[in-house]
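Asks: Enclosed is the structure file start.tsv (TSV, C-alpha atoms).
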chain	number	residue	atom	x	y	z
A	1	MET	CA	0.00	0.00	0.00
A	2	ASN	CA	1.56	3.31	-0.98
A	3	VAL	CA	1.58	6.41	1.19
A	4	ASP	CA	-1.35	8.05	-0.58
A	5	SER	CA	-3.61	5.03	-0.31
A	6	ARG	CA	-2.61	4.58	3.33
A	7	ARG	CA	-3.53	8.17	4.05
A	8	ALA	CA	-6.80	7.82	2.17
A	9	ARG	CA	-7.76	4.71	4.10
A	10	PHE	CA	-6.82	6.25	7.44
A	11	GLU	CA	-8.73	9.44	6.71
A	12	ARG	CA	-11.75	7.34	5.81
A	13	LEU	CA	-11.59	5.26	9.00
A	14	ALA	CA	-10.47	7.90	11.46
A	15	PRO	CA	-13.77	9.72	12.18
A	16	GLU	CA	-15.52	6.51	13.19
A	17	VAL	CA	-12.54	5.29	15.20
A	18	ILE	CA	-12.18	8.64	16.96
A	19	ASP	CA	-15.84	8.73	17.90
A	20	ALA	CA	-15.90	5.15	19.17
A	21	VAL	CA	-12.59	5.30	21.04
A	22	ARG	CA	-13.49	8.63	22.66
A	23	ARG	CA	-16.57	6.98	24.09
A	24	PHE	CA	-14.64	3.87	25.05
A	25	LEU	CA	-12.16	5.99	27.00
A	26	ALA	CA	-14.76	8.31	28.55
A	27	ARG	CA	-16.27	5.21	30.11
A	28	ARG	CA	-13.02	4.08	31.63
A	29	THR	CA	-10.79	6.97	32.61
A	30	ASP	CA	-10.55	10.69	33.33
A	31	PRO	CA	-10.78	13.25	30.50
A	32	ALA	CA	-7.08	14.21	30.47
A	33	THR	CA	-5.93	10.60	30.27
A	34	ALA	CA	-8.60	9.92	27.67
A	35	ASP	CA	-7.20	12.68	25.44
A	36	ASP	CA	-3.65	11.35	25.71
A	37	VAL	CA	-4.67	7.77	25.12
A	38	LEU	CA	-6.88	8.66	22.17
A	39	SER	CA	-3.97	10.41	20.53
A	40	GLU	CA	-1.67	7.47	21.18
A	41	THR	CA	-4.27	5.01	19.95
A	42	LEU	CA	-4.61	6.87	16.67
A	43	LEU	CA	-0.86	6.89	16.21
A	44	ILE	CA	-0.75	3.11	16.66
A	45	CYS	CA	-3.68	2.69	14.28
A	46	TRP	CA	-1.82	4.75	11.68
A	47	ARG	CA	1.41	2.83	12.18
A	48	ARG	CA	-0.28	-0.53	12.03
A	49	LEU	CA	-2.89	0.32	9.47
A	50	ASP	CA	-1.89	-2.63	7.32
A	51	GLU	CA	-2.78	-4.98	10.17
A	52	MET	CA	-6.12	-3.35	10.82
A	53	PRO	CA	-8.92	-5.70	9.76
A	54	GLU	CA	-12.01	-4.61	7.86
A	55	GLU	CA	-13.94	-4.91	11.09
A	56	HIS	CA	-11.73	-2.23	12.54
A	57	LEU	CA	-13.51	-0.99	15.66
A	58	PRO	CA	-12.94	-4.02	17.92
A	59	TRP	CA	-9.30	-3.98	16.84
A	60	ALA	CA	-9.06	-0.27	17.65
A	61	TYR	CA	-10.68	-0.87	21.04
A	62	GLY	CA	-8.02	-3.48	21.70
A	63	VAL	CA	-5.29	-0.95	20.88
A	64	ALA	CA	-6.95	1.67	23.09
A	65	ARG	CA	-7.25	-0.82	25.91
A	66	ASN	CA	-3.51	-1.55	25.78
A	67	CYS	CA	-2.63	2.13	25.53
A	68	LEU	CA	-4.85	2.87	28.52
A	69	ALA	CA	-3.22	0.10	30.53
A	70	ASN	CA	0.20	1.59	29.69
A	71	ALA	CA	-0.96	5.06	30.69
A	72	GLU	CA	-2.35	3.77	33.96
A	73	ARG	CA	0.91	1.97	34.69
A	74	GLY	CA	2.70	5.28	34.17
A	75	HIS	CA	0.29	7.04	36.48
A	76	ARG	CA	0.82	4.42	39.12
A	77	ARG	CA	4.58	4.84	38.90
A	78	GLN	CA	4.21	8.58	39.40
A	79	PHE	CA	1.76	7.99	42.19
A	80	ARG	CA	4.21	5.74	44.00
A	81	LEU	CA	6.92	8.34	43.65
A	82	PHE	CA	4.96	11.16	45.20
A	83	THR	CA	2.80	9.54	47.79
A	84	ARG	CA	3.05	7.00	50.51
A	85	VAL	CA	-0.51	5.90	50.34
A	86	ALA	CA	-0.64	2.17	50.43
A	87	ARG	CA	-2.69	0.46	47.80
A	88	LEU	CA	-4.40	-2.67	48.98
A	89	ASP	CA	-5.48	-3.82	45.55
A	90	PRO	CA	-2.97	-5.11	43.04
A	91	PRO	CA	-2.57	-3.05	39.88
A	92	ALA	CA	-5.34	-3.71	37.43
A	93	ALA	CA	-4.95	-4.08	33.69
A	94	VAL	CA	-7.86	-1.75	33.16
A	95	VAL	CA	-8.99	0.74	35.76
A	96	ASP	CA	-12.51	1.05	37.03
A	97	GLY	CA	-14.53	3.55	35.09
A	98	PRO	CA	-16.03	6.81	36.26
A	99	GLU	CA	-18.58	6.75	39.02
A	100	LEU	CA	-21.91	5.45	37.82
A	101	PRO	CA	-25.18	7.21	38.59
A	102	ASP	CA	-26.85	3.98	39.62
A	103	GLY	CA	-25.42	3.16	43.04
A	104	ASP	CA	-26.75	-0.38	43.15
A	105	LEU	CA	-25.39	-1.15	39.72
A	106	ALA	CA	-22.05	0.43	40.57
A	107	GLN	CA	-21.86	-1.67	43.72
A	108	ALA	CA	-22.87	-4.80	41.83
A	109	LEU	CA	-20.17	-4.19	39.21
A	110	ARG	CA	-17.58	-3.67	41.92
A	111	GLU	CA	-18.49	-7.08	43.27
A	112	LEU	CA	-17.40	-8.63	39.99
A	113	THR	CA	-13.88	-9.37	38.92
A	114	ILE	CA	-12.25	-6.71	36.74
A	115	GLU	CA	-12.42	-9.08	33.78
A	116	ASP	CA	-16.13	-9.79	34.25
A	117	ALA	CA	-16.98	-6.10	34.61
A	118	GLU	CA	-15.00	-5.24	31.49
A	119	ILE	CA	-16.65	-7.90	29.37
A	120	LEU	CA	-20.06	-6.57	30.44
A	121	ARG	CA	-19.04	-3.01	29.53
A	122	LEU	CA	-17.92	-4.17	26.09
A	123	TRP	CA	-21.20	-5.99	25.63
A	124	ALA	CA	-23.55	-3.28	26.89
A	125	TRP	CA	-21.72	-0.02	26.26
A	126	GLU	CA	-19.69	-0.77	23.17
A	127	ASP	CA	-22.52	-3.01	21.95
A	128	LEU	CA	-20.20	-5.78	20.86
A	129	PRO	CA	-21.16	-9.40	20.22
A	130	PRO	CA	-18.91	-12.14	21.70
A	131	ALA	CA	-16.84	-12.53	18.52
A	132	GLN	CA	-15.88	-8.84	18.59
A	133	ILE	CA	-15.34	-8.86	22.35
A	134	ALA	CA	-12.89	-11.66	21.63
A	135	THR	CA	-10.95	-9.38	19.28
A	136	VAL	CA	-10.73	-6.64	21.89
A	137	LEU	CA	-9.55	-8.95	24.63
A	138	GLY	CA	-7.35	-11.17	22.47
A	139	ILE	CA	-9.20	-14.36	23.34
A	140	THR	CA	-11.19	-16.86	21.29
A	141	ALA	CA	-14.80	-16.18	20.39
A	142	ASN	CA	-15.83	-19.27	22.29
A	143	ALA	CA	-14.05	-18.10	25.43
A	144	ALA	CA	-15.62	-14.66	25.09
A	145	SER	CA	-19.07	-16.20	24.74
A	146	ILE	CA	-18.62	-18.34	27.85
A	147	ARG	CA	-17.14	-15.51	29.90
A	148	LEU	CA	-19.90	-13.13	28.86
A	149	HIS	CA	-22.56	-15.63	29.83
A	150	ARG	CA	-20.98	-16.15	33.23
A	151	ALA	CA	-20.44	-12.45	33.77
A	152	LYS	CA	-24.14	-11.77	33.14
A	153	GLN	CA	-25.07	-14.44	35.65
A	154	LYS	CA	-22.70	-13.00	38.21
A	155	LEU	CA	-24.03	-9.48	37.70
A	156	ARG	CA	-27.61	-10.64	38.13
A	157	GLU	CA	-26.64	-12.47	41.28
A	158	SER	CA	-24.70	-9.48	42.52
A	159	LEU	CA	-27.63	-7.15	41.80
A	160	ARG	CA	-29.97	-9.46	43.70
A	161	LYS	CA	-27.67	-9.46	46.70
A	162	THR	CA	-27.23	-5.70	46.52
A	163	SER	CA	-30.98	-5.10	46.34
A	164	ASP	CA	-31.58	-7.53	49.20
A	165	GLY	CA	-29.68	-5.15	51.42
A	166	ALA	CA	-26.21	-4.78	52.71
A	167	GLY	CA	-26.79	-7.04	55.68
A	168	HIS	CA	-25.04	-10.03	54.22
A	169	GLU	CA	-21.38	-10.12	55.01
A	170	GLU	CA	-20.55	-12.25	52.02
A	171	SER	CA	-22.17	-9.87	49.55
A	172	THR	CA	-19.74	-7.11	50.40
A	173	GLU	CA	-16.71	-9.23	49.89
A	174	ARG	CA	-14.77	-8.28	46.79
A	175	ARG	CA	-14.26	-11.26	44.62
A	176	ARG	CA	-11.23	-10.48	42.62
A	177	SER	CA	-9.61	-13.45	40.98
Z	1	MET	CA	-37.83	-8.34	26.69
Z	2	THR	CA	-35.45	-11.09	27.72
Z	3	ASP	CA	-33.38	-11.06	30.88
Z	4	ASP	CA	-30.41	-10.15	28.71
Z	5	ASP	CA	-32.23	-7.18	27.25
Z	6	ASP	CA	-33.16	-5.96	30.72
Z	7	LEU	CA	-29.63	-6.33	31.94
Z	8	ARG	CA	-28.18	-4.54	28.96
Z	9	GLU	CA	-30.71	-1.73	29.29
Z	10	LEU	CA	-29.84	-1.35	32.96
Z	11	LEU	CA	-26.18	-1.03	32.07
Z	12	ARG	CA	-26.84	1.35	29.21
Z	13	ARG	CA	-28.76	3.72	31.43
Z	14	ALA	CA	-25.57	4.05	33.46
Z	15	ASP	CA	-23.32	4.59	30.43
Z	16	PRO	CA	-20.93	7.45	31.34
Z	17	ALA	CA	-20.50	8.28	27.63
Z	18	ALA	CA	-24.21	8.61	26.93
Z	19	THR	CA	-24.06	12.37	27.23
Z	20	LEU	CA	-20.69	12.77	25.54
Z	21	ALA	CA	-20.99	15.22	22.65
Z	22	PRO	CA	-19.55	14.07	19.33
Z	23	ALA	CA	-16.10	15.34	18.49
Z	24	ALA	CA	-16.15	18.54	16.47
Z	25	PRO	CA	-15.17	18.08	12.80
Z	26	ASP	CA	-12.15	20.32	13.35
Z	27	GLN	CA	-11.03	18.17	16.24
Z	28	VAL	CA	-11.42	15.02	14.15
Z	29	ARG	CA	-9.36	16.54	11.35
Z	30	HIS	CA	-6.71	17.69	13.79
Z	31	LEU	CA	-6.44	14.29	15.48
Z	32	THR	CA	-6.30	12.51	12.15
Z	33	GLU	CA	-3.60	14.74	10.75
Z	34	GLU	CA	-1.65	14.63	13.99
Z	35	ALA	CA	-1.55	10.84	13.93
Z	36	MET	CA	-0.27	10.78	10.36
Z	37	SER	CA	2.37	13.44	10.77
Z	38	ARG	CA	3.19	13.81	14.40
Z	39	THR	CA	6.73	13.59	15.60
Z	40	HIS	CA	6.82	10.79	18.06
Z	41	THR	CA	6.40	11.83	21.66
Z	42	ARG	CA	8.53	9.26	23.35
Z	43	ARG	CA	9.54	11.79	25.87
Z	44	TRP	CA	12.97	10.49	26.69
Z	45	ALA	CA	13.91	10.77	23.07
Z	46	LEU	CA	12.79	14.27	22.33
Z	47	PRO	CA	15.86	16.00	23.73
Z	48	VAL	CA	17.97	13.41	21.99
Z	49	ALA	CA	16.45	14.10	18.61
Z	50	ALA	CA	19.40	15.51	16.88
Z	51	ALA	CA	22.38	14.91	14.72
Z	52	LEU	CA	24.38	11.83	15.57
Z	53	VAL	CA	28.09	11.89	15.18
Z	54	LEU	CA	29.63	8.53	15.54
Z	55	LEU	CA	33.16	8.28	16.83
Z	56	ALA	CA	34.93	4.97	16.59
Z	57	GLY	CA	37.91	4.47	18.83
Z	58	GLY	CA	38.40	8.16	19.22
Z	59	ALA	CA	38.35	8.81	15.51
Z	60	ALA	CA	35.37	10.46	13.99
Z	61	TRP	CA	33.17	8.07	12.16
Z	62	ALA	CA	30.58	9.81	10.13
Z	63	MET	CA	27.26	8.14	9.73
Z	64	THR	CA	26.20	10.18	6.83
Z	65	HIS	CA	27.25	7.45	4.42
Z	66	PRO	CA	24.91	4.52	4.68
Z	67	THR	CA	26.75	1.30	5.28
Z	68	PRO	CA	25.61	-1.91	3.64
Z	69	PRO	CA	23.15	-3.73	5.85
Z	70	GLU	CA	24.04	-6.86	7.75
Z	71	VAL	CA	27.79	-6.52	7.29
Z	72	PRO	CA	29.39	-7.13	10.66
Z	73	GLN	CA	33.06	-6.46	11.17
Z	74	ALA	CA	35.49	-9.31	10.88
Z	75	ILE	CA	35.70	-11.61	13.83
Z	76	GLY	CA	38.40	-10.49	16.19
Z	77	THR	CA	38.02	-6.83	15.47
Z	78	VAL	CA	37.45	-4.84	18.62
Z	79	ALA	CA	33.98	-3.40	18.45
Z	80	PRO	CA	34.19	0.34	18.90
Z	81	THR	CA	32.31	2.60	21.18
Z	82	VAL	CA	29.91	4.72	19.23
Z	83	THR	CA	29.15	8.18	20.46
Z	84	LEU	CA	25.85	9.74	19.61
Z	85	ASP	CA	26.04	13.46	19.97
Z	86	ALA	CA	22.63	14.96	20.41
Z	87	THR	CA	22.08	18.60	19.76
Z	88	ASP	CA	18.92	20.61	19.78
Z	89	ALA	CA	18.25	20.02	16.14
Z	90	PRO	CA	14.61	19.15	15.62
Z	91	ALA	CA	13.71	15.66	14.53
Z	92	SER	CA	10.99	14.68	12.18
Z	93	CYS	CA	9.76	11.56	10.57
Z	94	VAL	CA	6.66	10.33	8.93
Z	95	GLY	CA	4.85	7.04	9.35
Z	96	PRO	CA	7.36	4.60	10.81
Z	97	ASP	CA	6.17	1.60	8.87
Z	98	PRO	CA	8.69	-1.23	8.35
Z	99	SER	CA	9.41	-0.56	4.70
Z	100	TRP	CA	9.95	3.13	5.43
Z	101	LEU	CA	12.25	2.33	8.33
Z	102	SER	CA	14.21	-0.19	6.28
Z	103	GLU	CA	14.63	2.22	3.43
Z	104	ARG	CA	15.48	5.24	5.54
Z	105	SER	CA	17.73	4.02	8.33
Z	106	ASP	CA	21.43	3.45	8.01
Z	107	PHE	CA	22.08	2.51	11.62
Z	108	ALA	CA	19.88	0.59	14.01
Z	109	PHE	CA	20.59	-1.27	17.20
Z	110	GLU	CA	19.18	-2.65	20.40
Z	111	GLY	CA	20.94	-1.74	23.59
Z	112	THR	CA	20.54	-1.74	27.33
Z	113	VAL	CA	21.22	1.40	29.33
Z	114	SER	CA	24.25	0.70	31.50
Z	115	LYS	CA	24.92	4.18	32.80
Z	116	VAL	CA	23.15	7.49	33.07
Z	117	ASP	CA	25.35	10.52	33.62
Z	118	ALA	CA	24.50	14.18	33.75
Z	119	ASP	CA	25.37	14.78	30.13
Z	120	ARG	CA	25.26	11.37	28.53
Z	121	VAL	CA	23.70	7.96	28.58
Z	122	THR	CA	25.60	4.79	27.80
Z	123	LEU	CA	23.92	1.83	26.18
Z	124	THR	CA	25.51	-1.57	25.89
Z	125	VAL	CA	24.71	-2.86	22.45
Z	126	THR	CA	23.08	-6.25	22.33
Z	127	THR	CA	22.26	-6.36	18.63
Z	128	VAL	CA	23.15	-4.24	15.66
Z	129	PHE	CA	20.50	-4.59	13.03
Z	130	ARG	CA	22.15	-2.31	10.54
Z	131	GLY	CA	25.40	-0.44	10.27
Z	132	GLN	CA	28.75	-0.87	11.91
Z	133	GLN	CA	29.14	-3.15	14.87
Z	134	ALA	CA	29.53	-1.40	18.19
Z	135	ALA	CA	29.99	-2.53	21.77
Z	136	ASP	CA	28.62	0.59	23.39
Z	137	VAL	CA	26.72	3.62	22.29
Z	138	GLN	CA	26.95	6.83	24.17
Z	139	VAL	CA	24.24	9.36	23.74
Z	140	ALA	CA	25.65	12.75	24.57
Z	141	LEU	CA	22.83	15.03	25.55
Z	142	SER	CA	22.59	18.74	25.26
Z	143	GLY	CA	19.91	21.36	25.70
Z	144	SER	CA	17.08	20.31	27.95
Z	145	HIS	CA	18.62	16.95	28.60
Z	146	SER	CA	17.72	16.77	32.26
Z	147	TYR	CA	14.27	15.71	31.23
Z	148	GLY	CA	15.74	13.19	28.89
Z	149	ASN	CA	17.87	11.70	31.61
Z	150	ASP	CA	14.77	10.89	33.54
Z	151	ARG	CA	13.55	8.85	30.65
Z	152	PHE	CA	16.62	6.70	30.29
Z	153	GLU	CA	16.58	4.07	32.96
Z	154	VAL	CA	19.49	1.83	33.76
Z	155	GLY	CA	18.78	-1.76	32.92
Z	156	LYS	CA	16.08	-1.04	30.39
Z	157	SER	CA	16.47	-1.88	26.73
Z	158	TYR	CA	15.91	0.45	23.81
Z	159	LEU	CA	15.67	0.17	20.07
Z	160	VAL	CA	17.30	3.06	18.29
Z	161	ALA	CA	17.53	3.82	14.58
Z	162	SER	CA	19.13	6.71	12.82
Z	163	ALA	CA	19.55	8.05	9.33
Z	164	ASP	CA	21.89	10.60	7.89
Z	165	GLY	CA	23.06	11.41	11.37
Z	166	THR	CA	19.61	11.96	12.81
Z	167	VAL	CA	17.73	9.79	15.26
Z	168	LEU	CA	14.50	8.46	13.82
Z	169	ILE	CA	12.38	9.42	16.74
Z	170	CYS	CA	9.25	7.73	15.44
Z	171	SER	CA	11.14	4.47	15.33
Z	172	SER	CA	13.16	4.59	18.52
Z	173	GLY	CA	12.29	3.96	22.11
Z	174	LEU	CA	11.81	1.33	24.73
Z	175	VAL	CA	11.96	-2.21	23.42
Z	176	ASP	CA	8.62	-2.96	25.00
Z	177	GLY	CA	7.11	0.20	23.55
Z	178	PHE	CA	4.16	0.16	21.24
Z	179	GLY	CA	4.87	-2.37	18.55
Z	180	LEU	CA	8.49	-1.33	18.24
Z	181	ARG	CA	9.90	-4.86	18.39
Z	182	LYS	CA	7.62	-5.97	15.61
Z	183	LEU	CA	8.52	-2.90	13.59
Z	184	TYR	CA	12.22	-3.75	13.81
Z	185	GLU	CA	11.66	-7.41	13.06
Z	186	GLU	CA	9.82	-6.49	9.92
Z	187	ALA	CA	12.18	-3.73	8.88
Z	188	PHE	CA	15.47	-5.57	9.37
In structure tokens, how does this file's structure come out?
Replies:
Amino acid sequence: MNVDSRRARFERLAPEVIDAVRRFLARRTDPATADDVLSETLLICWRRLDEMPEEHLPWAYGVARNCLANAERGHRRQFRLFTRVARLDPPAAVVDGPELPDGDLAQALRELTIEDAEILRLWAWEDLPPAQIATVLGITANAASIRLHRAKQKLRESLRKTSDGAGHEESTERRRS
Amino acid sequence: MTDDDDLRELLRRADPAATLAPAAPDQVRHLTEEAMSRTHTRRWALPVAAALVLLAGGAAWAMTHPTPPEVPQAIGTVAPTVTLDATDAPASCVGPDPSWLSERSDFAFEGTVSKVDADRVTLTVTTVFRGQQAADVQVALSGSHSYGNDRFEVGKSYLVASADGTVLICSSGLVDGFGLRKLYEEAF
């Protein structure tokens, strides 16, 4: 592919990628980080345009996800340098998103593992079927389908427990695996 | 409505991006153009973006003449120390795709930072992909190099390419940086 055709293809894809990745990042990080990661994601998309499949959005989400994880790792390094606040949780590959308006739902999502919560976000917010979720996460379509099914079950269960009240000790236990 | 539909609807009502306004056309154009033309922002490398003057064994060794690729020195020859002299000259490059990198670069190596001094960084060369063999590469910094020093970390490995005496910023950086390893594998 020559330079002109590369540019033409990128210019054709970019508006849709920008719109989708902006939303993807707004759901998962703060605005400043989102801007940086969007810019980095586009650079990677341009560099690796030849690898970008026709179904380009899930692939671009995968790139954005990796870029966000890198950015968060950088933030954590800076954080460790300038503070002495102990972190009880191990570093996550993808950070929790912004605060949700629905408290019960937010609590129920927090009860899930990071991986389960992320697969549900991809399904509900990015509106991806299992095969495309698989592309984002770098797993097989079959694995994505199974994980999505289980994650839905866990969220329903978690929502039931949350709505039953906070009286149950076990319901407030974070189940990170 | 199935249970799945209900669950998805519940999640969608809490979508933090639901009220996000679309990007302005100007912003889309700017982001698109920036990606296609932007000078790489690997921050450690920005102050280093400059002319490279290679000195072999104390004698100046100009890099301005591309050397044939994959031509290591004869066995037994002492590999020289290469000095990269960075000035404040601006760097620029477009689209670091493998074929572009292969065509453009006349020196490329992988090295591990062994020492970080106030005015220079020393990398121990592990692999030379193109150009003359070297045991060490010293990057002499100038200008706002204090920021650059922060970005070179002892023990970490970097991939560096240059052409006509100038670091190819778009194609240099941490080995585990974004797709850089793959880029080098394809280019060399």
Asks: Considering all atoms listed in the file, can you say which of Z:Leu180, Z:Ala163, Z:Val125, Z:Val139 comes closest to chain A?
Replies: Z:Leu180
Asks: For Asp4 in chain A, please output as a list in words all residues within 12 Å (counting all atoms listed in the file; exclusion window: fewer than 4 positions along the same chain).
Replies: Ala8, Arg9, Phe10 and Glu11 of chain A; Met36 and Gly95 of chain Z
Asks: Just the number, please: distance in Å from CA of Asn66 in chain A to CA of Ala144 in chain A, one decimal.
Replies: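 Value for the CA of Asn66 in chain A-CA of Ala144 in chain A distance: 17.9 Å.
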Asks: Quick one: which residues from chain A are at most 9 Å off chain Z, using all atoms listed in the file, as a ChimeraX atom specification?
Replies: /A:3,7,10-11,14-15,18-19,22-28,38-48,67,97-102,105-106,120-121,123-125,152,155-156
Asks: Report the distance between CA of Asp104 in chain A and CA of Asp164 in chain A in Å, rounded to one decimal place.
Replies: 10.5 Å
Asks: Mind giving me the straight-line distance from CA of Arg12 in chain A to CA of His56 in chain A in Å, one decimal?
Replies: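 Taking CA of Arg12 in chain A as the start and CA of His56 in chain A as the end point, the length is 11.7 Å.
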Asks: With all atoms listed in the file as the basis for distance, which of A:Glu118, A:Glu55, A:Asp36, A:Asp30 is at the shortest distance from Thr135 in chain A?
Replies: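 The answer is A:Glu55, which sits nearest to Thr135 in chain A.
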Asks: Which residue, A:Ile146, A:Ile139, A:Leu122, A:Ala34, has the smallest gap to Leu57 in chain A when you use all atoms listed in the file?
Replies: A:Leu122
